[in-house]
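Visitor: This is my_file.pdb, which holds PDB, C-alpha atoms:
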ATOM      1  CA  MET C  25     -91.775  45.126  11.762
ATOM      2  CA  ALA C  26     -91.507  41.446  10.833
ATOM      3  CA  PRO C  27     -91.593  38.897  13.672
ATOM      4  CA  ALA C  28     -88.136  37.619  12.700
ATOM      5  CA  VAL C  29     -86.701  41.124  13.130
ATOM      6  CA  TRP C  30     -88.282  41.498  16.559
ATOM      7  CA  ASP C  31     -86.934  38.078  17.464
ATOM      8  CA  GLY C  32     -83.450  39.168  16.402
ATOM      9  CA  VAL C  33     -83.696  42.376  18.432
ATOM     10  CA  LEU C  34     -84.827  40.396  21.478
ATOM     11  CA  TRP C  35     -81.936  37.948  21.249
ATOM     12  CA  ALA C  36     -79.452  40.763  20.628
ATOM     13  CA  GLY C  37     -80.682  42.392  23.839
ATOM     14  CA  LEU C  38     -80.281  39.124  25.715
ATOM     15  CA  GLY C  39     -76.785  38.863  24.254
ATOM     16  CA  LEU C  40     -75.937  42.326  25.581
ATOM     17  CA  LEU C  41     -77.135  41.361  29.055
ATOM     18  CA  ALA C  42     -75.103  38.164  28.847
ATOM     19  CA  GLY C  43     -72.046  40.201  27.858
ATOM     20  CA  LEU C  44     -72.515  42.417  30.914
ATOM     21  CA  LEU C  45     -72.693  39.339  33.122
ATOM     22  CA  VAL C  46     -69.577  37.771  31.580
ATOM     23  CA  SER C  47     -67.668  41.038  31.953
ATOM     24  CA  LEU C  48     -68.723  41.419  35.579
ATOM     25  CA  LEU C  49     -67.778  37.836  36.448
ATOM     26  CA  ALA C  50     -64.426  38.252  34.693
ATOM     27  CA  ASP C  51     -63.714  41.166  37.050
ATOM     28  CA  LEU C  52     -65.008  39.627  40.252
ATOM     29  CA  ALA C  53     -64.124  35.929  39.981
ATOM     30  CA  PRO C  54     -60.292  36.075  39.985
ATOM     31  CA  ASP C  55     -59.700  38.475  42.910
ATOM     32  CA  GLY C  56     -63.000  38.605  44.761
ATOM     33  CA  PRO C  57     -65.762  41.261  44.789
ATOM     34  CA  ARG C  58     -63.769  44.034  46.469
ATOM     35  CA  ALA C  59     -60.602  43.761  44.354
ATOM     36  CA  GLY C  60     -62.620  43.238  41.166
ATOM     37  CA  ARG C  61     -64.284  46.647  41.593
ATOM     38  CA  ARG C  62     -61.010  48.617  41.673
ATOM     39  CA  CYS C  63     -59.715  50.630  38.732
ATOM     40  CA  ARG C  64     -56.807  48.761  37.158
ATOM     41  CA  ARG C  65     -54.814  51.937  36.630
ATOM     42  CA  CYS C  66     -55.192  53.939  39.854
ATOM     43  CA  GLY C  67     -56.819  51.437  42.214
ATOM     44  CA  LEU C  68     -59.924  53.505  42.994
ATOM     45  CA  GLU C  69     -62.730  51.318  44.281
ATOM     46  CA  ARG C  70     -65.853  51.733  42.170
ATOM     47  CA  SER C  71     -69.453  51.650  43.310
ATOM     48  CA  TRP C  72     -71.729  48.805  42.313
ATOM     49  CA  GLY C  73     -73.930  51.225  40.417
ATOM     50  CA  ALA C  74     -72.116  53.491  37.977
ATOM     51  CA  TYR C  75     -68.840  51.586  37.625
ATOM     52  CA  ALA C  76     -69.651  47.938  38.317
ATOM     53  CA  PHE C  77     -69.418  46.976  34.641
ATOM     54  CA  ASN C  78     -66.513  49.280  33.671
ATOM     55  CA  LEU C  79     -68.759  51.019  31.137
ATOM     56  CA  ARG C  80     -67.922  54.514  32.401
ATOM     57  CA  PRO C  81     -64.432  55.978  32.826
ATOM     58  CA  CYS C  82     -62.783  56.093  36.231
ATOM     59  CA  PRO C  83     -63.610  59.456  37.879
ATOM     60  CA  ARG C  84     -60.050  59.777  39.204
ATOM     61  CA  CYS C  85     -57.808  58.863  36.252
ATOM     62  CA  GLY C  86     -60.264  58.609  33.341
ATOM     63  CA  TYR C  87     -59.288  55.005  32.510
ATOM     64  CA  ARG C  88     -61.910  53.080  30.591
ATOM     65  CA  PRO C  89     -61.063  49.466  29.646
ATOM     66  CA  ARG C  90     -62.047  48.330  26.185
ATOM     67  CA  ARG C  91     -62.848  44.765  27.125
ATOM     68  CA  PRO C  92     -66.444  45.309  28.407
ATOM     69  CA  TRP C  93     -67.499  46.971  25.156
ATOM     70  CA  VAL C  94     -65.843  44.278  23.064
ATOM     71  CA  LEU C  95     -67.624  41.586  25.071
ATOM     72  CA  LEU C  96     -70.987  43.319  24.723
ATOM     73  CA  LEU C  97     -70.717  43.459  20.940
ATOM     74  CA  LEU C  98     -69.289  39.954  20.717
ATOM     75  CA  THR C  99     -71.937  38.284  22.852
ATOM     76  CA  ALA C 100     -74.769  40.150  21.115
ATOM     77  CA  GLY C 101     -73.454  39.185  17.678
ATOM     78  CA  LEU C 102     -72.780  35.560  18.613
ATOM     79  CA  THR C 103     -76.192  35.208  20.249
ATOM     80  CA  VAL C 104     -78.029  36.344  17.123
ATOM     81  CA  LEU C 105     -75.741  34.302  14.860
ATOM     82  CA  LEU C 106     -76.197  31.089  16.814
ATOM     83  CA  ARG C 107     -79.928  31.636  17.266
ATOM     84  CA  PHE C 108     -80.618  31.891  13.526
ATOM     85  CA  THR C 109     -77.927  29.591  12.150
ATOM     86  CA  ALA C 110     -78.290  25.835  12.011
ATOM     87  CA  THR C 111     -75.515  24.179  14.021
ATOM     88  CA  ARG C 112     -74.578  20.657  15.054
ATOM     89  CA  VAL C 113     -75.400  21.464  18.671
ATOM     90  CA  PRO C 114     -78.838  22.815  19.705
ATOM     91  CA  PHE C 115     -78.920  26.493  20.633
ATOM     92  CA  GLY C 116     -80.083  25.711  24.160
ATOM     93  CA  TRP C 117     -76.786  23.930  24.775
ATOM     94  CA  LEU C 118     -74.478  25.972  22.589
ATOM     95  CA  TRP C 119     -75.370  29.467  23.868
ATOM     96  CA  PRO C 120     -74.550  28.918  27.577
ATOM     97  CA  LEU C 121     -71.477  26.925  26.570
ATOM     98  CA  THR C 122     -70.323  29.850  24.387
ATOM     99  CA  LEU C 123     -70.717  32.304  27.282
ATOM    100  CA  TYR C 124     -68.843  29.919  29.566
ATOM    101  CA  PHE C 125     -65.990  29.599  27.055
ATOM    102  CA  LEU C 126     -65.793  33.397  26.755
ATOM    103  CA  LEU C 127     -65.581  33.802  30.528
ATOM    104  CA  LEU C 128     -62.755  31.277  30.825
ATOM    105  CA  ALA C 129     -60.883  32.815  27.899
ATOM    106  CA  VAL C 130     -61.096  36.379  29.240
ATOM    107  CA  ILE C 131     -59.930  35.407  32.730
ATOM    108  CA  ASP C 132     -57.006  33.349  31.414
ATOM    109  CA  TRP C 133     -55.997  36.059  28.936
ATOM    110  CA  GLU C 134     -55.983  38.787  31.576
ATOM    111  CA  HIS C 135     -54.829  36.869  34.657
ATOM    112  CA  ARG C 136     -53.115  33.702  33.325
ATOM    113  CA  LEU C 137     -55.521  31.831  35.557
ATOM    114  CA  ILE C 138     -58.019  29.013  35.170
ATOM    115  CA  LEU C 139     -60.280  28.850  38.211
ATOM    116  CA  SER C 140     -61.054  25.401  39.600
ATOM    117  CA  GLU C 141     -64.588  26.500  40.560
ATOM    118  CA  LEU C 142     -65.343  27.417  36.956
ATOM    119  CA  LEU C 143     -63.807  24.158  35.741
ATOM    120  CA  ALA C 144     -66.144  22.236  38.053
ATOM    121  CA  VAL C 145     -69.119  24.028  36.512
ATOM    122  CA  GLY C 146     -67.774  23.308  33.036
ATOM    123  CA  LEU C 147     -67.254  19.637  33.815
ATOM    124  CA  VAL C 148     -70.902  19.287  34.842
ATOM    125  CA  LEU C 149     -72.120  21.213  31.783
ATOM    126  CA  GLY C 150     -69.739  19.436  29.407
ATOM    127  CA  THR C 151     -70.578  15.991  30.756
ATOM    128  CA  ALA C 152     -74.307  16.640  30.433
ATOM    129  CA  LEU C 153     -73.867  17.798  26.836
ATOM    130  CA  GLY C 154     -71.529  14.930  25.986
ATOM    131  CA  VAL C 155     -73.798  12.255  27.411
ATOM    132  CA  ALA C 156     -76.834  13.747  25.677
ATOM    133  CA  ARG C 157     -75.019  13.721  22.312
ATOM    134  CA  ARG C 158     -72.915  10.555  22.322
ATOM    135  CA  GLY C 159     -73.357   8.593  25.562
ATOM    136  CA  TRP C 160     -71.179   7.923  28.578
ATOM    137  CA  GLY C 161     -68.423   5.953  26.871
ATOM    138  CA  ALA C 162     -67.272   8.594  24.403
ATOM    139  CA  THR C 163     -67.775  11.369  26.965
ATOM    140  CA  VAL C 164     -65.687   9.801  29.714
ATOM    141  CA  GLY C 165     -63.131   8.599  27.170
ATOM    142  CA  GLY C 166     -62.822  12.100  25.749
ATOM    143  CA  ALA C 167     -62.342  13.624  29.212
ATOM    144  CA  LEU C 168     -59.652  11.102  30.163
ATOM    145  CA  ALA C 169     -57.914  11.384  26.806
ATOM    146  CA  GLY C 170     -57.935  15.185  26.899
ATOM    147  CA  ALA C 171     -56.478  15.275  30.400
ATOM    148  CA  GLY C 172     -53.926  12.605  29.545
ATOM    149  CA  LEU C 173     -52.672  14.262  26.368
ATOM    150  CA  MET C 174     -52.397  17.657  28.020
ATOM    151  CA  LEU C 175     -50.673  16.075  31.025
ATOM    152  CA  LEU C 176     -47.955  14.805  28.688
ATOM    153  CA  LEU C 177     -47.527  18.302  27.236
ATOM    154  CA  TYR C 178     -47.513  19.745  30.756
ATOM    155  CA  ALA C 179     -44.753  17.358  31.832
ATOM    156  CA  LEU C 180     -42.750  18.201  28.695
ATOM    157  CA  GLY C 181     -43.177  21.909  29.436
ATOM    158  CA  ARG C 182     -41.935  21.500  32.993
ATOM    159  CA  LEU C 183     -38.916  19.569  31.692
ATOM    160  CA  LEU C 184     -38.092  22.337  29.213
ATOM    161  CA  GLN C 185     -38.566  24.933  31.938
ATOM    162  CA  ALA C 186     -36.063  23.123  34.140
ATOM    163  CA  ARG C 187     -33.556  22.827  31.302
ATOM    164  CA  LEU C 188     -33.877  26.425  30.046
ATOM    165  CA  GLY C 189     -34.014  28.159  33.415
ATOM    166  CA  ALA C 190     -36.625  29.763  35.646
ATOM    167  CA  GLY C 191     -39.587  31.576  34.203
ATOM    168  CA  GLU C 192     -43.330  31.282  33.805
ATOM    169  CA  GLU C 193     -44.613  27.758  33.272
ATOM    170  CA  PRO C 194     -45.252  27.011  29.579
ATOM    171  CA  LEU C 195     -48.437  25.235  30.634
ATOM    172  CA  GLY C 196     -50.234  25.243  33.958
ATOM    173  CA  PHE C 197     -52.073  22.330  35.543
ATOM    174  CA  GLY C 198     -55.266  24.285  34.932
ATOM    175  CA  ASP C 199     -54.754  23.604  31.213
ATOM    176  CA  VAL C 200     -54.747  19.876  31.991
ATOM    177  CA  LEU C 201     -58.056  20.141  33.831
ATOM    178  CA  LEU C 202     -59.477  22.360  31.091
ATOM    179  CA  MET C 203     -58.730  19.689  28.484
ATOM    180  CA  ALA C 204     -60.691  17.218  30.622
ATOM    181  CA  VAL C 205     -63.676  19.563  30.385
ATOM    182  CA  LEU C 206     -63.228  20.054  26.634
ATOM    183  CA  GLY C 207     -62.752  16.315  26.236
ATOM    184  CA  ALA C 208     -66.134  15.733  27.852
ATOM    185  CA  VAL C 209     -67.670  18.289  25.497
ATOM    186  CA  LEU C 210     -66.027  16.984  22.313
ATOM    187  CA  GLY C 211     -65.910  13.310  23.236
ATOM    188  CA  TRP C 212     -63.573  10.700  21.832
ATOM    189  CA  PRO C 213     -61.934  11.057  19.299
ATOM    190  CA  GLY C 214     -63.058  14.668  18.820
ATOM    191  CA  VAL C 215     -60.849  15.822  21.695
ATOM    192  CA  VAL C 216     -57.754  14.946  19.650
ATOM    193  CA  ALA C 217     -58.875  17.278  16.869
ATOM    194  CA  GLY C 218     -59.639  19.965  19.462
ATOM    195  CA  LEU C 219     -56.131  19.756  20.908
ATOM    196  CA  ILE C 220     -54.460  19.804  17.492
ATOM    197  CA  TRP C 221     -56.492  22.788  16.306
ATOM    198  CA  GLY C 222     -55.836  24.607  19.577
ATOM    199  CA  ILE C 223     -52.088  24.165  19.110
ATOM    200  CA  LEU C 224     -52.320  25.335  15.504
ATOM    201  CA  LEU C 225     -54.362  28.425  16.413
ATOM    202  CA  ALA C 226     -51.883  29.346  19.138
ATOM    203  CA  GLY C 227     -49.038  28.883  16.663
ATOM    204  CA  VAL C 228     -50.688  31.115  14.064
ATOM    205  CA  PHE C 229     -51.234  33.817  16.681
ATOM    206  CA  SER C 230     -47.603  33.577  17.826
ATOM    207  CA  VAL C 231     -46.302  33.919  14.279
ATOM    208  CA  ALA C 232     -48.617  36.894  13.705
ATOM    209  CA  LEU C 233     -47.349  38.478  16.920
ATOM    210  CA  LEU C 234     -43.755  38.127  15.733
ATOM    211  CA  ALA C 235     -44.679  39.634  12.363
ATOM    212  CA  VAL C 236     -46.419  42.624  13.943
ATOM    213  CA  CYS C 237     -43.440  43.317  16.206
ATOM    214  CA  ALA C 238     -41.088  43.064  13.242
ATOM    215  CA  LEU C 239     -43.198  45.490  11.191
ATOM    216  CA  ARG C 240     -43.153  47.954  14.050
ATOM    217  CA  ARG C 241     -39.351  47.748  14.082
ATOM    218  CA  ARG C 242     -39.263  46.555  17.649
ATOM    219  CA  GLY C 243     -36.949  43.711  16.830
ATOM    220  CA  TRP C 244     -37.072  40.359  18.610
ATOM    221  CA  VAL C 245     -40.023  39.982  20.942
ATOM    222  CA  GLY C 246     -38.163  38.015  23.604
ATOM    223  CA  ARG C 247     -40.101  36.054  26.190
ATOM    224  CA  VAL C 248     -43.778  36.813  25.732
ATOM    225  CA  TYR C 249     -46.085  34.303  27.395
ATOM    226  CA  VAL C 250     -49.276  33.683  25.449
ATOM    227  CA  PRO C 251     -52.074  31.948  27.395
ATOM    228  CA  TYR C 252     -53.096  28.652  25.857
ATOM    229  CA  ALA C 253     -56.642  28.278  27.161
ATOM    230  CA  PRO C 254     -58.286  30.833  24.809
ATOM    231  CA  PHE C 255     -57.018  28.928  21.762
ATOM    232  CA  LEU C 256     -58.103  25.557  23.126
ATOM    233  CA  LEU C 257     -61.539  27.005  23.860
ATOM    234  CA  LEU C 258     -61.788  28.600  20.416
ATOM    235  CA  ALA C 259     -60.835  25.316  18.747
ATOM    236  CA  ALA C 260     -63.461  23.397  20.731
ATOM    237  CA  TRP C 261     -66.123  26.003  19.951
ATOM    238  CA  LEU C 262     -65.340  25.922  16.216
ATOM    239  CA  LEU C 263     -65.614  22.135  16.208
ATOM    240  CA  LEU C 264     -68.992  22.363  17.949
ATOM    241  CA  VAL C 265     -70.479  24.795  15.451
TER     242      VAL C 265
END
How does this structure look as structure tokens?

Guide:
Amino acid sequence: MAPAVWDGVLWAGLGLLAGLLVSLLADLAPDGPRAGRRCRRCGLERSWGAYAFNLRPCPRCGYRPRRPWVLLLLTAGLTVLLRFTATRVPFGWLWPLTLYFLLLAVIDWEHRLILSELLAVGLVLGTALGVARRGWGATVGGALAGAGLMLLLYALGRLLQARLGAGEEPLGFGDVLLMAVLGAVLGWPGVVAGLIWGILLAGVFSVALLAVCALRRRGWVGRVYVPYAPFLLLAAWLLLV
């Protein structure tokens, strides 16, 4: 077998291991180790061996979440793609940043939560990447601009929430801090493009959601809260590659 093929197999295997780690952290980080090991349907606490990664069905109710398998395939595919595709950012930076983005996106999608501990890690990683690529000025400027722009949207969201009645916040303060991290990664003025593309991606998804509900004859969707962080992260990742 050609060396390039063996290299691809090796990196695909590393991608699978990375997907297992991301899936495990997505279970354990939001609620702690004990709560993260429980079955989401019946609450049975799983052992660290057979059920730690949700790859086998729950022995009580048979529930098997799809997310771990999706993450395994996604991380393996992205690892091989990034390893053998020329990008603007070196693979040594882009691969851990991709895994970090996936972890944040999964947690926010499932829990509507952006953990401050993970944001602190991202700020260190993003600042290091930003300074290495474009220096301190553009990196700090991007972080401040990202936080400032999202803070304006956050304030507008709170105002609309107060005017329209109680409900889930349109944007959380975690989104403001996340944009500071993405601003450090993208720099100034790249953070502006990242925010605009994130808003557009979220809008496209929302329109698609309405269309799917209409095709299924379910009528008006009503109040469905779509997390914003995954679209901001996707926009930043697309700009990086």

Visitor: Selection in question (the file shown): the PyMOL selection byres ((chain C and resi 263) around 9). Which residues does it include, as an mmCIF file with C-alpha atoms, in the frame of the given file?

Guide:
data_model
loop_
_atom_site.group_PDB
_atom_site.id
_atom_site.type_symbol
_atom_site.label_atom_id
_atom_site.label_comp_id
_atom_site.auth_asym_id
_atom_site.auth_seq_id
_atom_site.Cartn_x
_atom_site.Cartn_y
_atom_site.Cartn_z
ATOM 1 C CA LEU C 210 -66.027 16.984 22.313
ATOM 2 C CA GLY C 214 -63.058 14.668 18.820
ATOM 3 C CA ALA C 217 -58.875 17.278 16.869
ATOM 4 C CA GLY C 218 -59.639 19.965 19.462
ATOM 5 C CA LEU C 258 -61.788 28.600 20.416
ATOM 6 C CA ALA C 259 -60.835 25.316 18.747
ATOM 7 C CA ALA C 260 -63.461 23.397 20.731
ATOM 8 C CA TRP C 261 -66.123 26.003 19.951
ATOM 9 C CA LEU C 262 -65.340 25.922 16.216
ATOM 10 C CA LEU C 264 -68.992 22.363 17.949
ATOM 11 C CA VAL C 265 -70.479 24.795 15.451
#

Visitor: Using only C-alpha atoms, which of C:Gly146, C:Pro254, C:Gly39, C:Gly154 sits nearest Ile131 of chain C?

Guide: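 Among the listed residues, the smallest separation from Ile131 of chain C belongs to C:Pro254.
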
Visitor: Run through the PyMOL selection byres ((chain C and resi 219-224) around 12) on the given coordinates and return the selected residues as an MDAnalysis selection string.

Guide: chainID C and resid 166 169:174 177 199:200 202:204 206:207 210:218 225:231 250:263

Visitor: Take the selection from the previous step and output its residues with C-alpha atoms, as an mmCIF file, keeping the file's coordinate frame.

Guide:
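Saved result, again_11.cif, follows:
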data_model
loop_
_atom_site.group_PDB
_atom_site.id
_atom_site.type_symbol
_atom_site.label_atom_id
_atom_site.label_comp_id
_atom_site.auth_asym_id
_atom_site.auth_seq_id
_atom_site.Cartn_x
_atom_site.Cartn_y
_atom_site.Cartn_z
ATOM 1 C CA GLY C 166 -62.822 12.100 25.749
ATOM 2 C CA ALA C 169 -57.914 11.384 26.806
ATOM 3 C CA GLY C 170 -57.935 15.185 26.899
ATOM 4 C CA ALA C 171 -56.478 15.275 30.400
ATOM 5 C CA GLY C 172 -53.926 12.605 29.545
ATOM 6 C CA LEU C 173 -52.672 14.262 26.368
ATOM 7 C CA MET C 174 -52.397 17.657 28.020
ATOM 8 C CA LEU C 177 -47.527 18.302 27.236
ATOM 9 C CA ASP C 199 -54.754 23.604 31.213
ATOM 10 C CA VAL C 200 -54.747 19.876 31.991
ATOM 11 C CA LEU C 202 -59.477 22.360 31.091
ATOM 12 C CA MET C 203 -58.730 19.689 28.484
ATOM 13 C CA ALA C 204 -60.691 17.218 30.622
ATOM 14 C CA LEU C 206 -63.228 20.054 26.634
ATOM 15 C CA GLY C 207 -62.752 16.315 26.236
ATOM 16 C CA LEU C 210 -66.027 16.984 22.313
ATOM 17 C CA GLY C 211 -65.910 13.310 23.236
ATOM 18 C CA TRP C 212 -63.573 10.700 21.832
ATOM 19 C CA PRO C 213 -61.934 11.057 19.299
ATOM 20 C CA GLY C 214 -63.058 14.668 18.820
ATOM 21 C CA VAL C 215 -60.849 15.822 21.695
ATOM 22 C CA VAL C 216 -57.754 14.946 19.650
ATOM 23 C CA ALA C 217 -58.875 17.278 16.869
ATOM 24 C CA GLY C 218 -59.639 19.965 19.462
ATOM 25 C CA LEU C 225 -54.362 28.425 16.413
ATOM 26 C CA ALA C 226 -51.883 29.346 19.138
ATOM 27 C CA GLY C 227 -49.038 28.883 16.663
ATOM 28 C CA VAL C 228 -50.688 31.115 14.064
ATOM 29 C CA PHE C 229 -51.234 33.817 16.681
ATOM 30 C CA SER C 230 -47.603 33.577 17.826
ATOM 31 C CA VAL C 231 -46.302 33.919 14.279
ATOM 32 C CA VAL C 250 -49.276 33.683 25.449
ATOM 33 C CA PRO C 251 -52.074 31.948 27.395
ATOM 34 C CA TYR C 252 -53.096 28.652 25.857
ATOM 35 C CA ALA C 253 -56.642 28.278 27.161
ATOM 36 C CA PRO C 254 -58.286 30.833 24.809
ATOM 37 C CA PHE C 255 -57.018 28.928 21.762
ATOM 38 C CA LEU C 256 -58.103 25.557 23.126
ATOM 39 C CA LEU C 257 -61.539 27.005 23.860
ATOM 40 C CA LEU C 258 -61.788 28.600 20.416
ATOM 41 C CA ALA C 259 -60.835 25.316 18.747
ATOM 42 C CA ALA C 260 -63.461 23.397 20.731
ATOM 43 C CA TRP C 261 -66.123 26.003 19.951
ATOM 44 C CA LEU C 262 -65.340 25.922 16.216
ATOM 45 C CA LEU C 263 -65.614 22.135 16.208
#

Visitor: What does the distance from atom CA of Phe197 of chain C to atom CA of Tyr178 of chain C come to in Å, to one decimal?

Guide: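 Computing the Euclidean distance for atom CA of Phe197 of chain C and atom CA of Tyr178 of chain C yields 7.1 Å.
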
Visitor: Choose the residue, out of C:Arg157, C:Leu41, C:Leu176, C:Ala162, that has the smallest atom-to-atom separation from Arg112 of chain C; count all atoms listed in the file.

Guide: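 Nearest to Arg112 of chain C: C:Arg157.
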